[in-house]
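Student: Next comes data06.cif, mmCIF, C-alpha atoms:
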data_coords
loop_
_atom_site.label_atom_id
_atom_site.label_comp_id
_atom_site.auth_asym_id
_atom_site.auth_seq_id
_atom_site.Cartn_x
_atom_site.Cartn_y
_atom_site.Cartn_z
CA ALA A 1 96.43 73.44 122.59
CA GLN A 2 96.45 76.44 120.31
CA SER A 3 93.37 78.67 120.29
CA VAL A 4 92.14 82.11 119.30
CA ALA A 5 89.30 84.18 120.68
CA GLN A 6 87.38 86.99 119.05
CA PRO A 7 85.49 88.62 121.92
CA GLU A 8 83.13 90.72 119.79
CA ASP A 9 80.40 89.21 117.64
CA GLN A 10 79.91 92.52 115.85
CA VAL A 11 81.73 95.83 115.50
CA ASN A 12 79.97 98.96 114.25
CA VAL A 13 81.86 101.98 112.94
CA ALA A 14 81.08 105.02 110.82
CA GLU A 15 82.70 105.38 107.44
CA GLY A 16 85.94 107.34 107.69
CA ASN A 17 86.53 106.41 111.32
CA PRO A 18 89.29 104.05 112.43
CA LEU A 19 88.30 100.45 113.11
CA THR A 20 89.67 97.72 115.35
CA VAL A 21 88.66 94.05 115.37
CA LYS A 22 90.04 92.22 118.37
CA CYS A 23 91.76 88.86 118.60
CA THR A 24 93.59 87.15 121.44
CA TYR A 25 95.53 83.93 121.17
CA SER A 26 96.93 81.08 123.21
CA VAL A 27 99.89 79.07 121.90
CA SER A 28 102.53 76.79 123.34
CA GLY A 29 105.33 77.94 121.05
CA ASN A 30 105.89 80.77 118.61
CA PRO A 31 102.61 82.24 117.38
CA TYR A 32 101.83 82.17 113.67
CA LEU A 33 98.76 84.38 113.30
CA PHE A 34 96.47 85.25 110.41
CA TRP A 35 93.49 87.40 109.48
CA TYR A 36 90.94 86.47 106.82
CA VAL A 37 87.86 88.26 105.50
CA GLN A 38 84.67 86.67 104.19
CA TYR A 39 81.96 88.33 102.13
CA PRO A 40 78.44 86.80 102.04
CA ASN A 41 78.31 83.33 100.47
CA ARG A 42 81.97 83.51 99.47
CA GLY A 43 85.16 81.81 100.54
CA LEU A 44 87.69 83.36 102.87
CA GLN A 45 90.28 85.79 101.57
CA PHE A 46 93.69 86.17 103.18
CA LEU A 47 94.41 89.64 104.59
CA LEU A 48 97.70 89.39 106.47
CA LYS A 49 99.87 87.24 108.70
CA TYR A 50 102.39 87.50 111.49
CA ILE A 51 105.25 84.99 111.47
CA THR A 52 108.15 86.94 112.96
CA GLY A 53 109.67 90.40 112.81
CA ASP A 54 107.93 93.75 113.14
CA ASN A 55 104.97 93.84 115.47
CA LEU A 56 102.97 95.94 112.99
CA VAL A 57 102.00 93.90 109.96
CA LYS A 58 100.56 95.50 106.84
CA GLY A 59 98.19 93.62 104.61
CA SER A 60 95.65 93.89 101.82
CA TYR A 61 93.04 96.63 101.34
CA GLY A 62 94.75 99.01 103.79
CA PHE A 63 94.42 96.71 106.78
CA GLU A 64 97.12 96.21 109.35
CA ALA A 65 97.47 94.24 112.55
CA GLU A 66 99.44 94.78 115.71
CA PHE A 67 101.07 91.82 117.40
CA ASN A 68 101.40 92.24 121.17
CA LYS A 69 103.20 89.40 122.87
CA SER A 70 102.66 90.57 126.43
CA GLN A 71 98.91 90.88 125.90
CA THR A 72 98.75 87.84 123.57
CA SER A 73 96.74 89.90 121.12
CA PHE A 74 96.68 90.38 117.36
CA HIS A 75 94.11 93.10 116.68
CA LEU A 76 93.15 94.04 113.14
CA LYS A 77 93.07 97.76 112.36
CA LYS A 78 92.37 100.22 109.60
CA PRO A 79 92.83 103.99 109.87
CA SER A 80 89.73 104.90 107.85
CA ALA A 81 86.85 102.47 107.36
CA LEU A 82 84.93 102.06 104.11
CA VAL A 83 81.37 100.82 103.69
CA SER A 84 82.83 98.09 101.47
CA ASP A 85 84.83 96.79 104.45
CA SER A 86 81.58 95.44 105.90
CA ALA A 87 82.13 91.67 106.12
CA LEU A 88 82.93 88.80 108.46
CA TYR A 89 86.49 88.73 109.80
CA PHE A 90 88.30 85.69 111.15
CA CYS A 91 91.46 85.48 113.19
CA ALA A 92 93.41 82.21 113.00
CA VAL A 93 96.46 80.57 114.56
CA ARG A 94 98.57 77.84 113.09
CA ASP A 95 98.41 74.55 114.96
CA ASP A 96 102.00 73.56 115.68
CA GLY A 97 100.90 70.10 116.76
CA TYR A 98 100.87 68.87 113.16
CA SER A 99 103.16 69.31 110.20
CA SER A 100 100.24 70.05 107.92
CA TYR A 101 100.11 73.69 109.00
CA LYS A 102 96.38 73.50 109.60
CA LEU A 103 94.79 76.63 111.02
CA ILE A 104 92.50 77.05 114.00
CA PHE A 105 89.93 79.78 113.48
CA GLY A 106 88.11 82.10 115.84
CA SER A 107 84.34 82.38 115.78
CA GLY A 108 84.42 85.49 113.59
CA THR A 109 83.51 89.16 114.04
CA ARG A 110 81.00 90.88 111.82
CA LEU A 111 82.10 94.39 110.86
CA LEU A 112 79.39 96.85 109.89
CA VAL A 113 80.49 100.18 108.47
CA ARG A 114 77.66 102.68 108.20
CA PRO A 115 77.71 105.52 105.67
CA ASP B 27 94.38 81.81 86.67
CA GLY B 28 95.38 79.55 89.54
CA GLY B 29 92.88 78.82 92.23
CA ILE B 30 90.53 76.43 93.94
CA THR B 31 87.24 75.39 92.36
CA GLN B 32 84.40 73.96 94.41
CA SER B 33 81.25 72.49 92.93
CA PRO B 34 78.37 72.59 93.13
CA LYS B 35 77.85 75.98 94.77
CA TYR B 36 74.40 74.96 96.02
CA LEU B 37 73.20 71.43 96.69
CA PHE B 38 69.99 70.02 98.08
CA ARG B 39 69.79 66.55 99.50
CA LYS B 40 67.09 64.37 100.89
CA GLU B 41 67.67 62.71 104.22
CA GLY B 42 69.42 59.37 103.88
CA GLN B 43 71.30 60.28 100.72
CA ASN B 44 75.04 60.54 100.34
CA VAL B 45 76.40 63.54 98.45
CA THR B 46 79.88 64.35 97.18
CA LEU B 47 81.33 67.86 97.04
CA SER B 48 84.09 68.48 94.54
CA CYS B 49 87.28 70.44 95.20
CA GLU B 50 89.95 70.94 92.55
CA GLN B 51 93.08 73.10 92.73
CA ASN B 52 95.68 74.08 90.15
CA LEU B 53 98.03 75.80 92.57
CA ASN B 54 100.32 72.76 92.81
CA HIS B 55 99.74 72.71 96.57
CA ASP B 56 100.48 69.55 98.50
CA ALA B 57 98.07 70.07 101.40
CA MET B 58 94.30 70.31 101.14
CA TYR B 59 91.58 70.81 103.74
CA TRP B 60 87.84 70.68 104.25
CA TYR B 61 86.17 73.02 106.73
CA ARG B 62 82.57 73.30 107.77
CA GLN B 63 81.07 76.69 108.61
CA ASP B 64 77.95 77.18 110.72
CA PRO B 65 76.57 80.56 111.79
CA GLY B 66 78.35 81.89 114.87
CA GLN B 67 80.74 78.93 115.10
CA GLY B 68 83.54 79.89 112.81
CA LEU B 69 85.23 77.17 110.79
CA ARG B 70 85.71 73.62 111.97
CA LEU B 71 88.12 71.20 110.34
CA ILE B 72 86.61 68.02 108.89
CA TYR B 73 89.54 66.33 107.11
CA TYR B 74 92.92 67.30 105.77
CA SER B 75 95.50 65.76 103.48
CA GLN B 76 99.19 66.50 103.36
CA ILE B 77 100.02 64.29 100.41
CA VAL B 78 98.40 62.09 97.79
CA ASN B 79 96.86 58.87 99.13
CA ASP B 80 97.04 60.11 102.71
CA PHE B 81 94.56 62.04 104.84
CA GLN B 82 93.76 62.61 108.52
CA LYS B 83 90.62 63.29 110.48
CA GLY B 84 90.01 66.76 111.76
CA ASP B 85 87.86 67.82 114.67
CA ILE B 86 84.47 66.80 113.24
CA ALA B 87 85.11 63.89 110.84
CA GLU B 88 82.17 61.70 111.88
CA GLY B 89 79.71 61.22 109.03
CA TYR B 90 82.16 62.39 106.37
CA SER B 91 84.66 60.66 104.09
CA VAL B 92 87.35 61.86 101.69
CA SER B 93 89.83 60.57 99.15
CA ARG B 94 93.05 61.96 97.73
CA GLU B 95 93.89 59.99 94.62
CA LYS B 96 95.31 62.99 92.77
CA LYS B 97 97.23 65.99 93.98
CA GLU B 98 94.70 68.35 92.41
CA SER B 99 91.56 66.81 93.83
CA PHE B 100 90.13 66.30 97.33
CA PRO B 101 86.42 65.38 97.19
CA LEU B 102 84.30 65.26 100.33
CA THR B 103 81.40 62.85 100.74
CA VAL B 104 78.70 63.73 103.24
CA THR B 105 77.17 60.44 104.24
CA SER B 106 73.76 59.65 105.66
CA ALA B 107 75.49 59.11 109.01
CA GLN B 108 76.09 62.84 109.34
CA LYS B 109 73.29 63.94 111.67
CA ASN B 110 73.18 67.63 110.80
CA PRO B 111 74.72 68.12 107.37
CA THR B 112 73.13 71.44 106.44
CA ALA B 113 76.07 73.87 106.36
CA PHE B 114 78.50 75.84 104.22
CA TYR B 115 81.50 73.74 103.22
CA LEU B 116 84.86 75.28 102.39
CA CYS B 117 87.81 73.64 100.71
CA ALA B 118 91.31 75.07 101.06
CA SER B 119 94.89 74.30 100.12
CA SER B 120 98.36 75.33 101.22
CA MET B 121 101.97 74.78 100.30
CA GLN B 122 103.63 72.01 102.23
CA GLY B 123 107.08 72.61 103.54
CA ALA B 124 106.57 76.36 103.84
CA ASN B 125 106.25 77.94 107.24
CA THR B 126 103.66 80.48 106.20
CA GLY B 127 100.62 78.30 106.78
CA GLU B 128 98.55 80.57 104.57
CA LEU B 129 95.42 78.85 103.26
CA PHE B 130 93.82 79.54 99.91
CA PHE B 131 90.06 78.97 99.90
CA GLY B 132 87.49 78.03 97.32
CA GLU B 133 84.15 79.82 97.06
CA GLY B 134 82.31 77.22 99.09
CA SER B 135 79.43 74.80 98.65
CA ARG B 136 76.16 75.27 100.51
CA LEU B 137 74.44 72.00 101.34
CA THR B 138 70.82 71.95 102.45
CA VAL B 139 69.09 68.80 103.62
CA LEU B 140 65.39 68.77 102.89
#
Would you mind giving the structure from this file in structure tokens?
Tutor:
Amino acid sequence: AQSVAQPEDQVNVAEGNPLTVKCTYSVSGNPYLFWYVQYPNRGLQFLLKYITGDNLVKGSYGFEAEFNKSQTSFHLKKPSALVSDSALYFCAVRDDGYSSYKLIFGSGTRLLVRP
Amino acid sequence: DGGITQSPKYLFRKEGQNVTLSCEQNLNHDAMYWYRQDPGQGLRLIYYSQIVNDFQKGDIAEGYSVSREKKESFPLTVTSAQKNPTAFYLCASSMQGANTGELFFGEGSRLTVL
């Protein structure tokens, strides 16, 4: 069965420093991977996805993610963090067991960017 | 603008009462989903629907019911059989037949049982 793991409950970085939020996955076929962000009491917003092609995927708000097949990872990165990036981040993988394209989500990582 | 509208945003319920959460989308998406979010547990799938008049149970369907009579609407009823209904509920939709799998989410409904 497909699954994703986010090993860190929280990541703390200083504004202006690079940030990384980690995600590892387990799939039986080709991985379809996603990152979403959630601000307090709001819905999730799509950041980026990996379907096929380049291992470095660029997304919204200056975020990017690196797909690494050998390490089964899909870490989210940003070269220079902003205080406004502080939020809850979810990694997700598409469940290929159904044709509905439902997503399986990780437990989330809280990013705190200090001024 | 196109999007997903959930209502109400906040809802309080007494034990033993059924409540219905509304989800409407004008994105012309075929597939719709209900997720439940609890602190530290990520999102768990309750029900999903790929097409009108059809829906399937997700991972935690017990104590919930849905209907899909119209393409635009996918209401969720939290019944009195749901043992721990206090949570944040998220509705989402996606295009069917596309291999992107990207979900579009509503703003959520927070249910509190008193």
Student: Could you state the separation of CA of Ala113 in chain B and CA of Asp64 in chain B in Å, given to one decimal place?
Tutor: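 Straight-line distance from CA of Ala113 in chain B to CA of Asp64 in chain B works out to 5.8 Å.
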Student: Return the single residue from A:Ala1, A:Val13, A:Leu56, A:Leu88 that is closest to chain B, with distances computed using all atoms listed in the file.
Tutor: A:Leu88
Student: For chain B, list the residues within 8 Å of chain A, counting all atoms listed in the file, and write the list as a list in words.
Tutor: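 Per the criterion, chain B yields Ala57, Gly66, Gln67, Gly68, Leu69, Arg70, Ser75, Gln76, Leu116, Gln122, Asn125, Thr126, Gly127, Glu128, Leu129, Phe130, Phe131, Gly132, Glu133 and Gly134 of chain B.
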Student: May I ask which of the residues B:Ile72, B:Cys117, B:Val78, B:Ile30 is the closest one to Val104 in chain B, counting all atoms listed in the file?
Tutor: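 For Val104 in chain B, the nearest of the candidates is B:Ile72.
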Student: Centre and edge lengths, as lines of an AutoDock Vina configuration file, for the axis-aligned box enclosing every listed atom of range 46-50 of chain A with 4 Å of padding on each of the six sides, in Å to one decimal?
Tutor:
center_x = 98.0
center_y = 87.9
center_z = 107.3
size_x = 16.7
size_y = 11.5
size_z = 16.3
Student: Written as a ChimeraX atom specification, which residues does the PyMOL selection byres ((chain B and resi 110) around 10) give for the file shown?
Tutor: /B:41,89,106-109,111-113,138-139
Student: For the residues in the current selection, export C-alpha atoms as an mmCIF file, in the frame of the given file.
Tutor:
data_model
loop_
_atom_site.group_PDB
_atom_site.id
_atom_site.type_symbol
_atom_site.label_atom_id
_atom_site.label_comp_id
_atom_site.auth_asym_id
_atom_site.auth_seq_id
_atom_site.Cartn_x
_atom_site.Cartn_y
_atom_site.Cartn_z
ATOM 1 C CA GLU B 41 67.670 62.710 104.220
ATOM 2 C CA GLY B 89 79.710 61.220 109.030
ATOM 3 C CA SER B 106 73.760 59.650 105.660
ATOM 4 C CA ALA B 107 75.490 59.110 109.010
ATOM 5 C CA GLN B 108 76.090 62.840 109.340
ATOM 6 C CA LYS B 109 73.290 63.940 111.670
ATOM 7 C CA PRO B 111 74.720 68.120 107.370
ATOM 8 C CA THR B 112 73.130 71.440 106.440
ATOM 9 C CA ALA B 113 76.070 73.870 106.360
ATOM 10 C CA THR B 138 70.820 71.950 102.450
ATOM 11 C CA VAL B 139 69.090 68.800 103.620
#
Student: Residues picked by the PyMOL selection byres ((chain A and resi 7) around 8) here, as a list of chain:residue names?
Tutor: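 That selection, the PyMOL selection byres ((chain A and resi 7) around 8), comes back as A:Ala5, A:Gln6, A:Glu8, A:Asp9, A:Lys22, A:Cys23.
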Student: Find the residues near Lys77 in chain A: any atom within 6 Å, counting all atoms listed in the file, skip ones fewer than 4 places away on the same chain, and give them as a ChimeraX atom specification.
Tutor: /A:19-20,63-65
Student: So how many Å separate CA of Phe100 in chain B and CA of Met58 in chain B, to one decimal?
Tutor: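 Computing it gives 6.9 Å between the two atoms.
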Student: If you measure from CA of Ser91 in chain B to CA of Gln51 in chain B, what distance in Å do you get, rounded to one decimal?
Tutor: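 CA of Ser91 in chain B sits 18.8 Å away from CA of Gln51 in chain B.
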Student: Name the closest residue to Val11 in chain A among the candidates A:Leu112, A:Ser60, A:Lys69, A:Leu82; distances are taken between atoms, counting all atoms listed in the file.
Tutor: A:Leu112
Student: Any chance you could model all heavy atoms for range 129-140 of chain B and send them as a PDB file, in the frame of the given file?
Tutor:
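Saved to out.pdb:
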ATOM      1  N   LEU B 129      96.372  79.677 103.991  1.00  0.00           N
ATOM      2  CA  LEU B 129      95.420  78.850 103.260  1.00  0.00           C
ATOM      3  C   LEU B 129      94.788  79.650 102.133  1.00  0.00           C
ATOM      4  O   LEU B 129      94.486  80.836 102.286  1.00  0.00           O
ATOM      5  CB  LEU B 129      94.324  78.353 104.183  1.00  0.00           C
ATOM      6  CG  LEU B 129      94.725  77.436 105.342  1.00  0.00           C
ATOM      7  CD1 LEU B 129      93.481  76.944 106.065  1.00  0.00           C
ATOM      8  CD2 LEU B 129      95.564  76.287 104.868  1.00  0.00           C
ATOM      9  N   PHE B 130      94.553  78.966 101.026  1.00  0.00           N
ATOM     10  CA  PHE B 130      93.820  79.540  99.910  1.00  0.00           C
ATOM     11  C   PHE B 130      92.478  78.804  99.844  1.00  0.00           C
ATOM     12  O   PHE B 130      92.452  77.576  99.810  1.00  0.00           O
ATOM     13  CB  PHE B 130      94.593  79.344  98.606  1.00  0.00           C
ATOM     14  CG  PHE B 130      95.883  80.108  98.555  1.00  0.00           C
ATOM     15  CD1 PHE B 130      97.016  79.636  99.197  1.00  0.00           C
ATOM     16  CD2 PHE B 130      95.970  81.304  97.878  1.00  0.00           C
ATOM     17  CE1 PHE B 130      98.199  80.338  99.167  1.00  0.00           C
ATOM     18  CE2 PHE B 130      97.152  82.018  97.835  1.00  0.00           C
ATOM     19  CZ  PHE B 130      98.271  81.530  98.486  1.00  0.00           C
ATOM     20  N   PHE B 131      91.393  79.564  99.805  1.00  0.00           N
ATOM     21  CA  PHE B 131      90.060  78.970  99.900  1.00  0.00           C
ATOM     22  C   PHE B 131      89.325  78.998  98.570  1.00  0.00           C
ATOM     23  O   PHE B 131      89.498  79.920  97.759  1.00  0.00           O
ATOM     24  CB  PHE B 131      89.220  79.734 100.926  1.00  0.00           C
ATOM     25  CG  PHE B 131      89.539  79.397 102.340  1.00  0.00           C
ATOM     26  CD1 PHE B 131      90.566  80.038 103.007  1.00  0.00           C
ATOM     27  CD2 PHE B 131      88.816  78.421 103.016  1.00  0.00           C
ATOM     28  CE1 PHE B 131      90.875  79.716 104.315  1.00  0.00           C
ATOM     29  CE2 PHE B 131      89.118  78.096 104.319  1.00  0.00           C
ATOM     30  CZ  PHE B 131      90.144  78.740 104.974  1.00  0.00           C
ATOM     31  N   GLY B 132      88.458  77.991  98.391  1.00  0.00           N
ATOM     32  CA  GLY B 132      87.490  78.030  97.320  1.00  0.00           C
ATOM     33  C   GLY B 132      86.300  78.884  97.722  1.00  0.00           C
ATOM     34  O   GLY B 132      86.256  79.452  98.819  1.00  0.00           O
ATOM     35  N   GLU B 133      85.310  78.970  96.823  1.00  0.00           N
ATOM     36  CA  GLU B 133      84.150  79.820  97.060  1.00  0.00           C
ATOM     37  C   GLU B 133      83.065  79.155  97.889  1.00  0.00           C
ATOM     38  O   GLU B 133      82.078  79.787  98.228  1.00  0.00           O
ATOM     39  CB  GLU B 133      83.570  80.284  95.725  1.00  0.00           C
ATOM     40  CG  GLU B 133      84.474  81.262  94.986  1.00  0.00           C
ATOM     41  CD  GLU B 133      84.601  82.577  95.720  1.00  0.00           C
ATOM     42  OE1 GLU B 133      83.639  83.348  95.755  1.00  0.00           O
ATOM     43  OE2 GLU B 133      85.693  82.840  96.286  1.00  0.00           O
ATOM     44  N   GLY B 134      83.247  77.890  98.205  1.00  0.00           N
ATOM     45  CA  GLY B 134      82.310  77.220  99.090  1.00  0.00           C
ATOM     46  C   GLY B 134      81.170  76.505  98.391  1.00  0.00           C
ATOM     47  O   GLY B 134      80.812  76.818  97.250  1.00  0.00           O
ATOM     48  N   SER B 135      80.616  75.525  99.102  1.00  0.00           N
ATOM     49  CA  SER B 135      79.430  74.800  98.650  1.00  0.00           C
ATOM     50  C   SER B 135      78.417  74.801  99.785  1.00  0.00           C
ATOM     51  O   SER B 135      78.760  74.423 100.908  1.00  0.00           O
ATOM     52  CB  SER B 135      79.777  73.345  98.300  1.00  0.00           C
ATOM     53  OG  SER B 135      80.611  73.274  97.174  1.00  0.00           O
ATOM     54  N   ARG B 136      77.208  75.232  99.477  1.00  0.00           N
ATOM     55  CA  ARG B 136      76.160  75.270 100.510  1.00  0.00           C
ATOM     56  C   ARG B 136      75.255  74.066 100.341  1.00  0.00           C
ATOM     57  O   ARG B 136      74.584  73.916  99.311  1.00  0.00           O
ATOM     58  CB  ARG B 136      75.358  76.564 100.427  1.00  0.00           C
ATOM     59  CG  ARG B 136      74.360  76.698 101.585  1.00  0.00           C
ATOM     60  CD  ARG B 136      73.758  78.088 101.666  1.00  0.00           C
ATOM     61  NE  ARG B 136      74.749  79.112 101.950  1.00  0.00           N
ATOM     62  CZ  ARG B 136      75.242  79.380 103.151  1.00  0.00           C
ATOM     63  NH1 ARG B 136      74.864  78.679 104.195  1.00  0.00           N
ATOM     64  NH2 ARG B 136      76.119  80.358 103.306  1.00  0.00           N
ATOM     65  N   LEU B 137      75.240  73.225 101.357  1.00  0.00           N
ATOM     66  CA  LEU B 137      74.440  72.000 101.340  1.00  0.00           C
ATOM     67  C   LEU B 137      73.224  72.192 102.226  1.00  0.00           C
ATOM     68  O   LEU B 137      73.350  72.604 103.390  1.00  0.00           O
ATOM     69  CB  LEU B 137      75.265  70.815 101.841  1.00  0.00           C
ATOM     70  CG  LEU B 137      74.521  69.500 102.068  1.00  0.00           C
ATOM     71  CD1 LEU B 137      73.936  68.985 100.758  1.00  0.00           C
ATOM     72  CD2 LEU B 137      75.440  68.457 102.683  1.00  0.00           C
ATOM     73  N   THR B 138      72.071  71.885 101.691  1.00  0.00           N
ATOM     74  CA  THR B 138      70.820  71.950 102.450  1.00  0.00           C
ATOM     75  C   THR B 138      70.144  70.597 102.384  1.00  0.00           C
ATOM     76  O   THR B 138      69.926  70.054 101.293  1.00  0.00           O
ATOM     77  CB  THR B 138      69.886  73.019 101.882  1.00  0.00           C
ATOM     78  OG1 THR B 138      70.546  74.287 101.890  1.00  0.00           O
ATOM     79  CG2 THR B 138      68.609  73.113 102.707  1.00  0.00           C
ATOM     80  N   VAL B 139      69.804  70.069 103.543  1.00  0.00           N
ATOM     81  CA  VAL B 139      69.090  68.800 103.620  1.00  0.00           C
ATOM     82  C   VAL B 139      67.608  69.081 103.788  1.00  0.00           C
ATOM     83  O   VAL B 139      67.195  69.792 104.712  1.00  0.00           O
ATOM     84  CB  VAL B 139      69.621  67.943 104.766  1.00  0.00           C
ATOM     85  CG1 VAL B 139      68.774  66.681 104.914  1.00  0.00           C
ATOM     86  CG2 VAL B 139      71.071  67.574 104.515  1.00  0.00           C
ATOM     87  N   LEU B 140      66.828  68.504 102.893  1.00  0.00           N
ATOM     88  CA  LEU B 140      65.390  68.770 102.890  1.00  0.00           C
ATOM     89  C   LEU B 140      64.629  67.788 103.771  1.00  0.00           C
ATOM     90  O   LEU B 140      65.080  66.657 103.971  1.00  0.00           O
ATOM     91  CB  LEU B 140      64.855  68.705 101.461  1.00  0.00           C
ATOM     92  CG  LEU B 140      65.557  69.656 100.475  1.00  0.00           C
ATOM     93  CD1 LEU B 140      65.059  69.398  99.063  1.00  0.00           C
ATOM     94  CD2 LEU B 140      65.325  71.108 100.884  1.00  0.00           C
TER      95      LEU B 140
END
